[in-house]
file work_8.txt (compact mmCIF, C-alpha atoms)
# COMPACT_ATOMS: atom_id res chain seq x y z
CA MET A 19 131.04 -13.28 110.71
CA VAL A 20 131.00 -11.29 113.92
CA ARG A 21 127.88 -9.22 114.46
CA TYR A 22 128.32 -5.76 115.94
CA PRO A 23 127.67 -4.03 118.23
CA ARG A 24 128.87 -6.41 120.91
CA SER A 25 128.35 -5.62 124.52
CA LEU A 26 130.89 -6.12 127.29
CA LYS A 27 130.58 -5.62 131.02
CA CYS A 28 133.95 -4.27 132.10
CA ARG A 29 135.55 -4.97 135.48
CA ASN A 30 134.92 -1.34 136.49
CA GLY A 31 131.22 -2.24 136.39
CA LYS A 32 130.48 -0.25 133.22
CA VAL A 33 128.95 -1.72 130.11
CA VAL A 34 130.43 -0.77 126.73
CA ALA A 35 129.27 -1.37 123.17
CA VAL A 36 131.96 -2.39 120.69
CA ARG A 37 131.43 -1.73 116.98
CA PRO A 38 133.37 -0.70 113.87
CA LEU A 39 134.28 2.99 113.64
CA ARG A 40 131.83 5.00 111.52
CA SER A 41 132.41 8.12 109.47
CA ASP A 42 130.28 10.17 111.89
CA ASP A 43 132.55 9.25 114.82
CA LEU A 44 135.09 12.00 114.09
CA PHE A 45 134.15 14.32 116.97
CA PRO A 46 133.77 11.65 119.68
CA LEU A 47 137.07 10.21 118.45
CA LEU A 48 138.81 13.59 118.66
CA GLU A 49 137.37 14.02 122.15
CA PHE A 50 138.68 10.58 123.14
CA PHE A 51 142.18 11.34 121.89
CA GLY A 52 142.08 14.80 123.43
CA SER A 53 141.18 13.31 126.83
CA LEU A 54 144.19 10.97 126.92
CA PRO A 55 146.99 12.02 129.26
CA GLU A 56 149.85 13.71 127.37
CA GLU A 57 152.18 10.92 128.47
CA ASP A 58 149.97 8.44 126.56
CA ARG A 59 149.69 10.60 123.45
CA LEU A 60 153.50 10.78 123.29
CA HIS A 61 153.50 7.02 122.72
CA LEU A 62 151.12 7.10 119.76
CA ARG A 63 152.17 6.78 116.17
CA VAL A 64 150.63 10.07 115.02
CA ASP A 65 149.70 13.34 116.66
CA VAL A 66 146.04 12.58 117.34
CA THR A 67 145.30 16.09 118.56
CA GLN A 68 145.33 17.22 114.92
CA ARG A 69 141.98 16.90 113.21
CA ASP A 70 143.36 16.39 109.69
CA ILE A 71 145.54 13.52 110.87
CA VAL A 72 142.62 11.83 112.65
CA GLU A 73 140.42 12.31 109.57
CA ARG A 74 143.10 10.83 107.29
CA ARG A 75 143.47 7.93 109.68
CA MET A 76 139.72 7.22 109.38
CA ASN A 77 140.09 6.62 105.63
CA PRO A 78 142.35 3.66 104.94
CA PRO A 79 144.69 3.84 101.95
CA ALA A 80 143.65 2.06 98.75
CA ARG A 81 144.28 -1.70 98.76
CA TRP A 82 144.61 -1.90 102.53
CA ASN A 83 142.22 -3.93 104.64
CA VAL A 84 141.53 -2.14 107.93
CA LEU A 85 139.16 -3.04 110.76
CA ARG A 86 138.90 -0.27 113.32
CA LEU A 87 136.72 -0.98 116.35
CA VAL A 88 135.62 1.51 118.98
CA ALA A 89 134.20 0.87 122.43
CA LEU A 90 131.50 3.28 123.59
CA ALA A 91 130.31 3.92 127.12
CA GLY A 92 127.08 5.73 126.28
CA GLU A 93 128.10 8.36 123.71
CA ARG A 94 131.72 8.46 124.81
CA ILE A 95 134.44 6.55 122.95
CA VAL A 96 136.61 4.90 125.60
CA ALA A 97 138.85 2.69 123.46
CA GLU A 98 139.93 2.05 119.90
CA GLY A 99 141.51 -1.07 118.47
CA SER A 100 142.54 -1.75 114.89
CA ILE A 101 144.11 -4.33 112.65
CA GLU A 102 145.36 -3.54 109.17
CA HIS A 103 147.19 -5.26 106.38
CA ARG A 104 148.08 -4.74 102.74
CA THR A 105 146.01 -6.77 100.29
CA PHE A 106 148.89 -6.86 97.78
CA GLY A 107 152.56 -7.65 97.62
CA LEU A 108 155.05 -9.65 99.63
CA GLY A 109 153.78 -8.52 103.03
CA SER A 110 150.06 -9.19 102.58
CA HIS A 111 150.20 -12.08 105.08
CA VAL A 112 151.34 -9.74 107.88
CA GLY A 113 148.89 -7.59 109.86
CA GLU A 114 149.49 -4.93 112.47
CA VAL A 115 147.36 -4.24 115.54
CA ARG A 116 147.00 -1.11 117.66
CA VAL A 117 144.96 -0.59 120.80
CA ILE A 118 144.34 2.59 122.80
CA VAL A 119 142.21 2.59 125.97
CA ALA A 120 141.09 5.52 128.16
CA PRO A 121 142.80 5.47 131.60
CA ASP A 122 139.55 4.74 133.50
CA PHE A 123 138.96 1.63 131.36
CA ARG A 124 142.41 0.09 131.75
CA ARG A 125 142.77 -3.21 133.61
CA THR A 126 139.03 -3.75 133.13
CA GLY A 127 139.32 -6.48 130.48
CA LEU A 128 138.38 -4.08 127.66
CA ALA A 129 141.83 -3.98 126.02
CA GLU A 130 141.98 -7.77 125.97
CA PHE A 131 138.43 -8.04 124.59
CA LEU A 132 139.22 -5.56 121.80
CA CYS A 133 142.48 -7.35 121.01
CA ARG A 134 140.80 -10.73 120.80
CA GLN A 135 138.19 -9.27 118.42
CA ILE A 136 140.75 -7.79 116.07
CA LEU A 137 143.02 -10.86 116.25
CA ALA A 138 140.03 -13.08 115.33
CA HIS A 139 139.42 -10.78 112.36
CA GLY A 140 143.08 -11.14 111.32
CA ILE A 141 142.86 -14.93 111.52
CA ALA A 142 139.65 -14.89 109.47
CA GLU A 143 141.52 -12.81 106.87
CA ASP A 144 144.15 -15.58 106.67
CA LEU A 145 146.92 -13.47 108.14
CA GLU A 146 149.84 -15.65 109.18
CA LYS A 147 151.66 -13.16 111.34
CA ILE A 148 150.31 -10.25 113.36
CA GLU A 149 152.67 -7.55 114.57
CA VAL A 150 152.51 -4.80 117.11
CA HIS A 151 154.91 -1.85 117.05
CA LEU A 152 155.62 -0.18 120.38
CA MET A 153 158.05 2.20 122.00
CA SER A 154 160.35 -0.05 124.01
CA ASP A 155 159.85 1.97 127.21
CA GLN A 156 156.28 0.74 127.76
CA PRO A 157 156.74 -2.30 130.04
CA ALA A 158 153.05 -2.64 130.96
CA VAL A 159 151.98 -2.68 127.30
CA ILE A 160 154.76 -5.12 126.39
CA HIS A 161 153.63 -7.43 129.20
CA PHE A 162 150.02 -7.19 127.96
CA PHE A 163 151.04 -8.40 124.48
CA GLU A 164 153.32 -11.10 125.92
CA GLU A 165 150.27 -12.45 127.77
CA LEU A 166 148.55 -12.71 124.35
CA ASP A 167 151.53 -14.82 123.12
CA PHE A 168 153.27 -12.07 121.15
CA LYS A 169 157.05 -12.56 121.01
CA GLU A 170 159.75 -9.96 120.49
CA ASP A 171 161.13 -9.83 116.91
CA GLY A 172 163.60 -7.00 117.32
CA THR A 173 164.33 -3.46 118.48
CA LEU A 174 165.27 -0.57 116.21
CA LYS A 175 167.25 2.11 118.01
CA GLY A 176 165.98 5.68 117.85
CA PHE A 177 163.40 4.77 115.23
CA VAL A 178 160.50 6.65 116.72
CA LYS A 179 160.20 10.29 117.66
CA ASP A 180 157.52 11.34 120.10
CA THR A 181 155.44 14.49 119.67
CA LYS A 182 157.97 16.42 121.80
CA GLY A 183 160.81 15.46 119.46
CA LYS A 184 162.49 12.90 121.72
CA ASN A 185 163.75 9.71 120.08
CA HIS A 186 162.82 6.26 121.43
CA ASP A 187 163.57 2.69 120.42
CA LEU A 188 160.93 0.86 118.38
CA LEU A 189 160.07 -2.65 119.56
CA ILE A 190 158.45 -5.03 117.07
CA MET A 191 156.56 -8.01 118.52
CA SER A 192 154.65 -10.62 116.58
CA LEU A 193 152.19 -13.44 116.98
CA ARG A 194 152.00 -16.48 114.70
CA THR A 195 148.40 -17.31 113.96
CA MET B 6 174.88 19.11 94.10
CA ALA B 7 171.67 17.46 93.04
CA ALA B 8 170.29 19.42 90.09
CA TYR B 9 168.51 17.01 87.78
CA PRO B 10 168.65 15.82 85.10
CA LYS B 11 172.39 15.23 85.15
CA THR B 12 174.80 13.02 83.24
CA VAL B 13 177.32 10.85 85.02
CA GLN B 14 179.92 8.39 83.78
CA LEU B 15 180.28 4.82 84.95
CA ARG B 16 183.72 3.32 85.58
CA ASP B 17 183.90 2.11 81.98
CA GLY B 18 182.97 5.50 80.57
CA THR B 19 179.31 4.71 79.80
CA GLU B 20 177.23 7.86 80.09
CA ILE B 21 174.09 7.59 82.21
CA LEU B 22 171.35 10.17 82.71
CA LEU B 23 169.97 10.57 86.23
CA ARG B 24 166.66 12.24 86.99
CA PRO B 25 163.61 11.84 89.25
CA MET B 26 160.98 9.47 87.88
CA ARG B 27 158.21 11.08 85.79
CA GLU B 28 154.64 10.04 84.99
CA GLU B 29 155.53 9.25 81.40
CA ASP B 30 158.09 6.64 82.51
CA LEU B 31 155.41 3.95 82.94
CA GLU B 32 156.28 1.82 79.92
CA GLN B 33 160.05 2.10 80.36
CA SER B 34 159.68 1.29 84.04
CA HIS B 35 157.60 -1.80 83.24
CA ARG B 36 160.17 -2.89 80.61
CA PHE B 37 162.95 -2.44 83.18
CA PHE B 38 161.17 -4.65 85.72
CA LEU B 39 160.25 -7.29 83.13
CA ALA B 40 163.88 -7.55 82.07
CA LEU B 41 164.97 -8.39 85.63
CA PRO B 42 165.55 -12.10 86.18
CA GLU B 43 162.75 -13.73 88.17
CA GLU B 44 165.27 -14.36 90.93
CA ASP B 45 165.48 -10.56 91.43
CA ARG B 46 161.80 -9.85 90.88
CA GLN B 47 160.58 -12.32 93.47
CA PHE B 48 162.01 -10.15 96.24
CA LEU B 49 160.43 -6.91 95.10
CA ARG B 50 157.61 -5.54 97.17
CA THR B 51 154.91 -6.02 94.53
CA ASP B 52 154.58 -8.17 91.44
CA VAL B 53 155.99 -5.66 88.98
CA ALA B 54 155.51 -8.01 86.02
CA GLN B 55 151.93 -6.65 86.12
CA ILE B 56 151.85 -3.21 84.51
CA GLU B 57 148.98 -2.25 86.81
CA ASN B 58 151.26 -2.67 89.82
CA VAL B 59 153.92 -0.53 88.15
CA ARG B 60 151.24 2.11 87.52
CA ILE B 61 150.14 2.05 91.18
CA ARG B 62 153.78 2.28 92.25
CA MET B 63 154.20 5.36 90.05
CA GLU B 64 151.00 6.94 91.29
CA LYS B 65 152.44 6.59 94.77
CA THR B 66 155.42 8.64 93.64
CA ASP B 67 154.35 11.51 95.77
CA ALA B 68 157.51 13.59 95.91
CA ARG B 69 156.93 14.27 99.58
CA GLU B 70 156.64 10.62 100.62
CA HIS B 71 158.25 8.50 97.88
CA TRP B 72 161.04 10.14 95.93
CA ARG B 73 162.20 8.01 93.02
CA LEU B 74 165.41 8.44 91.04
CA VAL B 75 165.94 6.64 87.74
CA ALA B 76 169.10 6.08 85.70
CA LEU B 77 168.77 5.92 81.92
CA ASP B 78 171.14 4.60 79.27
CA GLY B 79 169.68 6.19 76.16
CA ASP B 80 165.91 5.70 76.48
CA GLU B 81 166.08 2.67 78.74
CA ILE B 82 165.82 2.74 82.51
CA VAL B 83 168.71 0.75 83.96
CA ALA B 84 168.30 1.52 87.68
CA ASP B 85 165.50 2.65 89.98
CA ALA B 86 166.07 3.95 93.51
CA THR B 87 163.52 5.12 96.08
CA LEU B 88 163.66 7.14 99.26
CA SER B 89 160.45 6.73 101.30
CA GLN B 90 159.84 9.05 104.22
CA PRO B 91 156.56 9.10 106.15
CA ARG B 92 154.94 12.52 105.89
CA TYR B 93 153.75 12.48 109.48
CA GLY B 94 153.85 10.26 112.53
CA TRP B 95 156.46 8.82 114.82
CA MET B 96 158.81 7.68 112.03
CA ARG B 97 158.84 10.99 110.14
CA HIS B 98 162.58 11.42 110.88
CA THR B 99 163.42 8.11 109.17
CA ALA B 100 163.58 7.08 105.53
CA GLU B 101 163.78 3.75 103.79
CA LEU B 102 166.17 3.34 100.87
CA ARG B 103 165.65 0.89 98.00
CA CYS B 104 167.63 0.42 94.83
CA ILE B 105 167.29 -1.98 91.91
CA ILE B 106 169.90 -2.17 89.18
CA ALA B 107 169.61 -4.03 85.87
CA ARG B 108 171.99 -7.01 85.83
CA PRO B 109 174.23 -5.77 82.97
CA TYR B 110 174.87 -2.54 84.91
CA ARG B 111 175.95 -4.13 88.19
CA GLY B 112 179.54 -3.96 89.35
CA ARG B 113 180.12 -0.79 87.31
CA GLY B 114 179.67 1.81 90.04
CA LEU B 115 176.02 2.60 89.38
CA GLY B 116 174.95 1.46 92.89
CA SER B 117 177.10 4.07 94.62
CA ILE B 118 175.86 6.74 92.17
CA MET B 119 172.22 5.89 92.96
CA PHE B 120 172.85 5.78 96.71
CA SER B 121 174.63 9.15 96.48
CA GLY B 122 171.46 10.55 94.93
CA LEU B 123 169.35 9.09 97.74
CA TYR B 124 171.83 10.34 100.33
CA GLN B 125 171.68 13.90 98.95
CA GLU B 126 167.89 13.87 98.97
CA ALA B 127 167.86 12.49 102.54
CA THR B 128 170.24 15.24 103.65
CA ARG B 129 168.11 17.89 101.97
CA ARG B 130 165.10 16.55 103.90
CA LYS B 131 167.09 16.46 107.18
CA VAL B 132 166.38 12.75 107.65
CA GLU B 133 168.02 11.42 110.82
CA LYS B 134 167.82 7.64 110.34
CA LEU B 135 168.20 5.66 107.13
CA PHE B 136 167.28 2.03 106.77
CA GLY B 137 166.83 -0.71 104.23
CA MET B 138 164.83 -3.93 104.34
CA VAL B 139 166.51 -6.88 102.70
CA VAL B 140 165.47 -10.52 102.40
CA GLN B 141 168.17 -12.06 104.55
CA GLU B 142 169.09 -14.86 102.19
CA GLN B 143 169.59 -12.45 99.30
CA ARG B 144 173.31 -12.36 99.99
CA PRO B 145 174.41 -9.96 97.19
CA ALA B 146 171.94 -7.31 98.43
CA VAL B 147 173.08 -7.78 102.03
CA ARG B 148 176.75 -7.52 100.96
CA MET B 149 176.01 -4.37 98.91
CA ALA B 150 174.31 -2.80 101.94
CA GLU B 151 177.19 -3.83 104.22
CA SER B 152 179.71 -2.30 101.82
CA LEU B 153 177.83 1.00 102.25
CA GLY B 154 178.08 0.74 106.05
CA PHE B 155 174.63 -0.74 106.76
CA GLN B 156 174.36 -3.16 109.69
CA THR B 157 171.57 -5.58 110.52
CA GLU B 158 169.65 -4.22 113.48
CA ALA B 159 166.72 -6.66 113.60
CA VAL B 160 165.55 -9.72 111.72
CA LEU B 161 161.80 -10.03 111.18
CA PRO B 162 160.97 -13.72 110.78
CA ASP B 163 158.75 -14.82 107.86
CA HIS B 164 158.10 -11.21 106.98
CA VAL B 165 157.68 -11.68 103.22
CA ARG B 166 156.07 -14.28 101.04
CA THR B 167 157.77 -14.64 97.66
CA LEU B 168 155.97 -15.04 94.35
CA HIS B 169 156.53 -18.79 94.84
CA GLY B 170 154.76 -18.75 98.18
CA GLU B 171 157.82 -19.24 100.39
CA LEU B 172 158.13 -17.28 103.63
CA LYS B 173 161.45 -15.50 104.12
CA ASP B 174 163.07 -13.54 106.94
CA VAL B 175 163.75 -9.85 106.41
CA ALA B 176 166.73 -8.01 107.84
CA VAL B 177 166.18 -4.39 108.83
CA MET B 178 169.54 -2.75 108.12
CA THR B 179 170.42 0.71 109.36
CA VAL B 180 173.26 3.08 108.66
CA ASN B 181 174.69 6.14 110.28
CA ILE B 182 174.29 8.97 107.73
CA LYS B 183 177.88 10.24 108.13
CA LYS B 184 179.25 6.73 107.73
CA LEU B 185 177.21 6.25 104.54
CA TRP B 186 178.64 9.44 103.08
CA ARG B 187 182.23 8.45 103.97
CA ARG B 188 181.76 5.07 102.27
CA LEU B 189 180.18 6.69 99.20
CA GLU B 190 183.05 9.20 98.99
CA ASP B 191 185.58 6.36 99.17
CA MET B 192 183.74 4.51 96.44
CA MET B 193 183.55 7.57 94.21
CA HIS B 194 187.24 8.19 94.80
CA ALA B 195 188.02 4.59 93.84
CA MET B 196 186.10 5.20 90.62
CA ASP B 197 188.87 7.62 89.74
CA GLY B 198 186.80 10.58 88.75
CA HIS B 199 184.02 8.59 87.13
CA GLY B 200 180.60 8.54 88.71
CA ARG B 201 180.87 12.29 89.08
CA GLU B 202 178.82 14.85 87.29
CA ARG B 203 180.09 15.99 83.93
CA HIS B 204 180.70 19.68 83.64
call {"tool": "encode", "arguments": {"input": "work_8.txt", "output": "structure tokens"}}
result
Amino acid sequence: MVRYPRSLKCRNGKVVAVRPLRSDDLFPLLEFFGSLPEEDRLHLRVDVTQRDIVERRMNPPARWNVLRLVALAGERIVAEGSIEHRTFGLGSHVGEVRVIVAPDFRRTGLAEFLCRQILAHGIAEDLEKIEVHLMSDQPAVIHFFEELDFKEDGTLKGFVKDTKGKNHDLLIMSLRT
Amino acid sequence: MAAYPKTVQLRDGTEILLRPMREEDLEQSHRFFLALPEEDRQFLRTDVAQIENVRIRMEKTDAREHWRLVALDGDEIVADATLSQPRYGWMRHTAELRCIIARPYRGRGLGSIMFSGLYQEATRRKVEKLFGMVVQEQRPAVRMAESLGFQTEAVLPDHVRTLHGELKDVAVMTVNIKKLWRRLEDMMHAMDGHGRERH
């Protein structure tokens, strides 16, 4: 079992503490999402500026296994990474990861650290395949996951709509554990 | 249009009642799933031989997110179709279609009747993209989807594990909404007046 919090010295010289999200993290989490550039928020799965959506997201649906980690620099949340999978049915061997990092903590090793933590959790949960769903117009993010050995499974045209109503293609990548 | 319940006729004149699924359908729904051959059941999303899983499935019948249409011959459910549309998030303009038909009712026009019901609900909700997820080696399901105008857009390797523990690839099939309606209209026309609502 991994013990949290874990500490990481990032390449920007700052030290962060990584631990599972807690129920009292709502306001720092809303602040984190609110501080992201609009361009980044457009690429997220839900509109994280809405409190009810963020609250709902903090409570996983019944029979889902979700690990949601946050990285804190002092009191400030600077990244969130999660892995989730169903505990029932035909797809219970497939997990999905998501990672969001504040602009000043990108290319500091934090995203990779968070990803490795959540992937290790997925492997410990006996997941056989771990997916990431992205908009296909995010080359830097795609490259990041390729470096972690994720391979492209397919692209679904016009499958995602950003918060401004524009349609994008959905890219599905996966990693065999 | 889609005022339920409504009675329709299959090609052979059998009268079928269509209506959205209700809470009290639990036992009939479980009987319907149990009567499916294992070959069909192994590709369903959950193990519906367990009544608890059928109950959870029904509890998830939140009309906003999962809209379920059932077809009844007398008191027995003979087909179950679902339109699932995320309530929020980046795929809120899409909906997944699923349809299961009891073996004795296949090849009688019930599939196009069920898909017409799903189509009408999708149109009412202003859904822009429709898709289905089919285990690729389940050829009859793929052929049924293709006959409705669906095309394979991506194949997700090893995406499901069957009740026997085998990993199978899943095809994500999509369809243009107008094309789906044209195909359904052609099918209804070929049914020579059957499959339509009785007045």
call {"tool": "interface_residues", "arguments": {"input": "work_8.txt", "of": "chain B", "to": "chain A", "cutoff": "12 Å", "atoms": "all atoms listed in the file", "output": "MDAnalysis selection string"}}
result
chainID B and resid 46:55 57:59 61:62 64:65 91:101 132:136 140 156:181
call {"tool": "atom_distance", "arguments": {"input": "work_8.txt", "atom1": "atom CA of A:Arg94", "atom2": "atom CA of A:Asp58"}}
result
18.3 Å
call {"tool": "atom_distance", "arguments": {"input": "work_8.txt", "atom1": "atom CA of B:Ser152", "atom2": "atom CA of B:Leu102"}}
result
14.7 Å
call {"tool": "closest_residue", "arguments": {"input": "work_8.txt", "among": "A:Val117, A:Ala129, A:Leu48, A:Val84", "to": "A:Leu26", "atoms": "all atoms listed in the file"}}
result
A:Ala129
call {"tool": "atom_distance", "arguments": {"input": "work_8.txt", "atom1": "atom CA of B:Ala84", "atom2": "atom CA of B:Lys184"}}
result
23.4 Å
call {"tool": "closest_residue", "arguments": {"input": "work_8.txt", "among": "A:Val36, A:Ile101, A:Ile160, A:Cys28", "to": "A:Leu137", "atoms": "all atoms listed in the file"}}
result
A:Ile101
call {"tool": "closest_residue", "arguments": {"input": "work_8.txt", "among": "B:Ala127, B:Val75, B:Ile118, B:Ile105", "to": "B:Leu88", "atoms": "only C-alpha atoms"}}
result
B:Ala127
call {"tool": "closest_residue", "arguments": {"input": "work_8.txt", "among": "B:Asp30, B:Pro25, B:Glu190, B:Ile56", "to": "B:Thr87", "atoms": "all atoms listed in the file"}}
result
B:Pro25
call {"tool": "residues_around", "arguments": {"input": "work_8.txt", "residues": "A:Ser41", "least_positions_apart": "3", "cutoff": "10 Å", "atoms": "only C-alpha atoms", "output": "number ranges by chain"}}
result
A: 38, 44-45, 73, 76-77
call {"tool": "closest_residue", "arguments": {"input": "work_8.txt", "among": "B:Met192, B:Leu77, B:Met138, B:Ala146", "to": "B:Thr19", "atoms": "only C-alpha atoms"}}
result
B:Leu77
call {"tool": "closest_residue", "arguments": {"input": "work_8.txt", "among": "B:His35, B:Arg24, B:Arg103, B:Arg113", "to": "B:Leu74", "atoms": "only C-alpha atoms"}}
result
B:Arg24
call {"tool": "decode", "arguments": {"input": "work_8.txt", "residues": "stretch 47-122 of chain A", "atoms": "C-alpha atoms", "output": "PDB file, in the first residue's frame"}}
result
ATOM      1  CA  LEU A  47     -10.305  22.546  -5.800  1.00  0.00           C
ATOM      2  CA  LEU A  48     -12.731  25.143  -7.169  1.00  0.00           C
ATOM      3  CA  GLU A  49      -9.965  27.736  -6.874  1.00  0.00           C
ATOM      4  CA  PHE A  50      -7.580  25.451  -8.772  1.00  0.00           C
ATOM      5  CA  PHE A  51     -10.054  24.891 -11.596  1.00  0.00           C
ATOM      6  CA  GLY A  52     -10.967  28.565 -11.648  1.00  0.00           C
ATOM      7  CA  SER A  53      -7.288  29.527 -12.026  1.00  0.00           C
ATOM      8  CA  LEU A  54      -6.756  27.370 -15.126  1.00  0.00           C
ATOM      9  CA  PRO A  55      -6.543  29.274 -18.411  1.00  0.00           C
ATOM     10  CA  GLU A  56      -9.840  29.141 -20.332  1.00  0.00           C
ATOM     11  CA  GLU A  57      -8.076  27.312 -23.158  1.00  0.00           C
ATOM     12  CA  ASP A  58      -7.307  24.464 -20.712  1.00  0.00           C
ATOM     13  CA  ARG A  59     -10.802  24.350 -19.251  1.00  0.00           C
ATOM     14  CA  LEU A  60     -12.223  23.945 -22.769  1.00  0.00           C
ATOM     15  CA  HIS A  61     -10.384  20.628 -22.964  1.00  0.00           C
ATOM     16  CA  LEU A  62     -11.858  19.200 -19.767  1.00  0.00           C
ATOM     17  CA  ARG A  63     -14.640  16.676 -19.651  1.00  0.00           C
ATOM     18  CA  VAL A  64     -16.980  18.775 -17.501  1.00  0.00           C
ATOM     19  CA  ASP A  65     -17.447  22.464 -16.816  1.00  0.00           C
ATOM     20  CA  VAL A  66     -15.349  22.699 -13.662  1.00  0.00           C
ATOM     21  CA  THR A  67     -16.329  26.295 -12.998  1.00  0.00           C
ATOM     22  CA  GLN A  68     -19.696  25.010 -11.754  1.00  0.00           C
ATOM     23  CA  ARG A  69     -19.714  24.128  -8.082  1.00  0.00           C
ATOM     24  CA  ASP A  70     -22.427  21.461  -8.314  1.00  0.00           C
ATOM     25  CA  ILE A  71     -20.514  19.635 -11.040  1.00  0.00           C
ATOM     26  CA  VAL A  72     -17.280  19.701  -9.020  1.00  0.00           C
ATOM     27  CA  GLU A  73     -19.148  18.501  -5.913  1.00  0.00           C
ATOM     28  CA  ARG A  74     -20.773  15.647  -7.862  1.00  0.00           C
ATOM     29  CA  ARG A  75     -17.378  14.734  -9.263  1.00  0.00           C
ATOM     30  CA  MET A  76     -16.008  14.432  -5.706  1.00  0.00           C
ATOM     31  CA  ASN A  77     -18.522  11.675  -4.918  1.00  0.00           C
ATOM     32  CA  PRO A  78     -17.957   8.649  -7.121  1.00  0.00           C
ATOM     33  CA  PRO A  79     -20.992   6.730  -8.357  1.00  0.00           C
ATOM     34  CA  ALA A  80     -21.953   3.523  -6.539  1.00  0.00           C
ATOM     35  CA  ARG A  81     -19.881   0.476  -7.511  1.00  0.00           C
ATOM     36  CA  TRP A  82     -17.087   2.535  -9.044  1.00  0.00           C
ATOM     37  CA  ASN A  83     -13.578   2.466  -7.668  1.00  0.00           C
ATOM     38  CA  VAL A  84     -12.013   5.929  -7.887  1.00  0.00           C
ATOM     39  CA  LEU A  85      -8.651   7.190  -6.647  1.00  0.00           C
ATOM     40  CA  ARG A  86      -8.353  10.948  -6.935  1.00  0.00           C
ATOM     41  CA  LEU A  87      -5.013  12.457  -5.914  1.00  0.00           C
ATOM     42  CA  VAL A  88      -4.230  16.131  -5.473  1.00  0.00           C
ATOM     43  CA  ALA A  89      -0.868  17.858  -5.296  1.00  0.00           C
ATOM     44  CA  LEU A  90      -0.618  20.774  -2.878  1.00  0.00           C
ATOM     45  CA  ALA A  91       1.969  23.537  -2.815  1.00  0.00           C
ATOM     46  CA  GLY A  92       1.265  24.846   0.675  1.00  0.00           C
ATOM     47  CA  GLU A  93      -2.521  25.271   0.801  1.00  0.00           C
ATOM     48  CA  ARG A  94      -2.903  25.584  -2.952  1.00  0.00           C
ATOM     49  CA  ILE A  95      -3.972  22.643  -5.119  1.00  0.00           C
ATOM     50  CA  VAL A  96      -1.709  22.661  -8.174  1.00  0.00           C
ATOM     51  CA  ALA A  97      -2.658  19.361  -9.825  1.00  0.00           C
ATOM     52  CA  GLU A  98      -5.224  16.606  -9.772  1.00  0.00           C
ATOM     53  CA  GLY A  99      -4.895  13.084 -11.112  1.00  0.00           C
ATOM     54  CA  SER A 100      -7.444  10.284 -11.013  1.00  0.00           C
ATOM     55  CA  ILE A 101      -8.033   6.717 -12.041  1.00  0.00           C
ATOM     56  CA  GLU A 102     -11.456   5.113 -12.029  1.00  0.00           C
ATOM     57  CA  HIS A 103     -13.046   1.868 -13.041  1.00  0.00           C
ATOM     58  CA  ARG A 104     -16.313  -0.002 -12.666  1.00  0.00           C
ATOM     59  CA  THR A 105     -16.252  -2.836 -10.138  1.00  0.00           C
ATOM     60  CA  PHE A 106     -18.936  -4.746 -12.067  1.00  0.00           C
ATOM     61  CA  GLY A 107     -19.731  -5.900 -15.547  1.00  0.00           C
ATOM     62  CA  LEU A 108     -17.829  -6.575 -18.734  1.00  0.00           C
ATOM     63  CA  GLY A 109     -15.608  -3.503 -18.510  1.00  0.00           C
ATOM     64  CA  SER A 110     -14.376  -3.868 -14.929  1.00  0.00           C
ATOM     65  CA  HIS A 111     -10.842  -4.680 -16.146  1.00  0.00           C
ATOM     66  CA  VAL A 112     -10.548  -1.279 -17.876  1.00  0.00           C
ATOM     67  CA  GLY A 113      -9.614   1.899 -15.985  1.00  0.00           C
ATOM     68  CA  GLU A 114      -9.476   5.496 -17.115  1.00  0.00           C
ATOM     69  CA  VAL A 115      -6.974   8.137 -16.021  1.00  0.00           C
ATOM     70  CA  ARG A 116      -7.184  11.925 -16.042  1.00  0.00           C
ATOM     71  CA  VAL A 117      -4.549  14.455 -15.062  1.00  0.00           C
ATOM     72  CA  ILE A 118      -4.791  18.246 -14.795  1.00  0.00           C
ATOM     73  CA  VAL A 119      -1.804  20.391 -13.800  1.00  0.00           C
ATOM     74  CA  ALA A 120      -1.597  24.153 -13.148  1.00  0.00           C
ATOM     75  CA  PRO A 121       0.425  25.972 -15.858  1.00  0.00           C
ATOM     76  CA  ASP A 122       3.284  26.913 -13.473  1.00  0.00           C
TER      77      ASP A 122
END
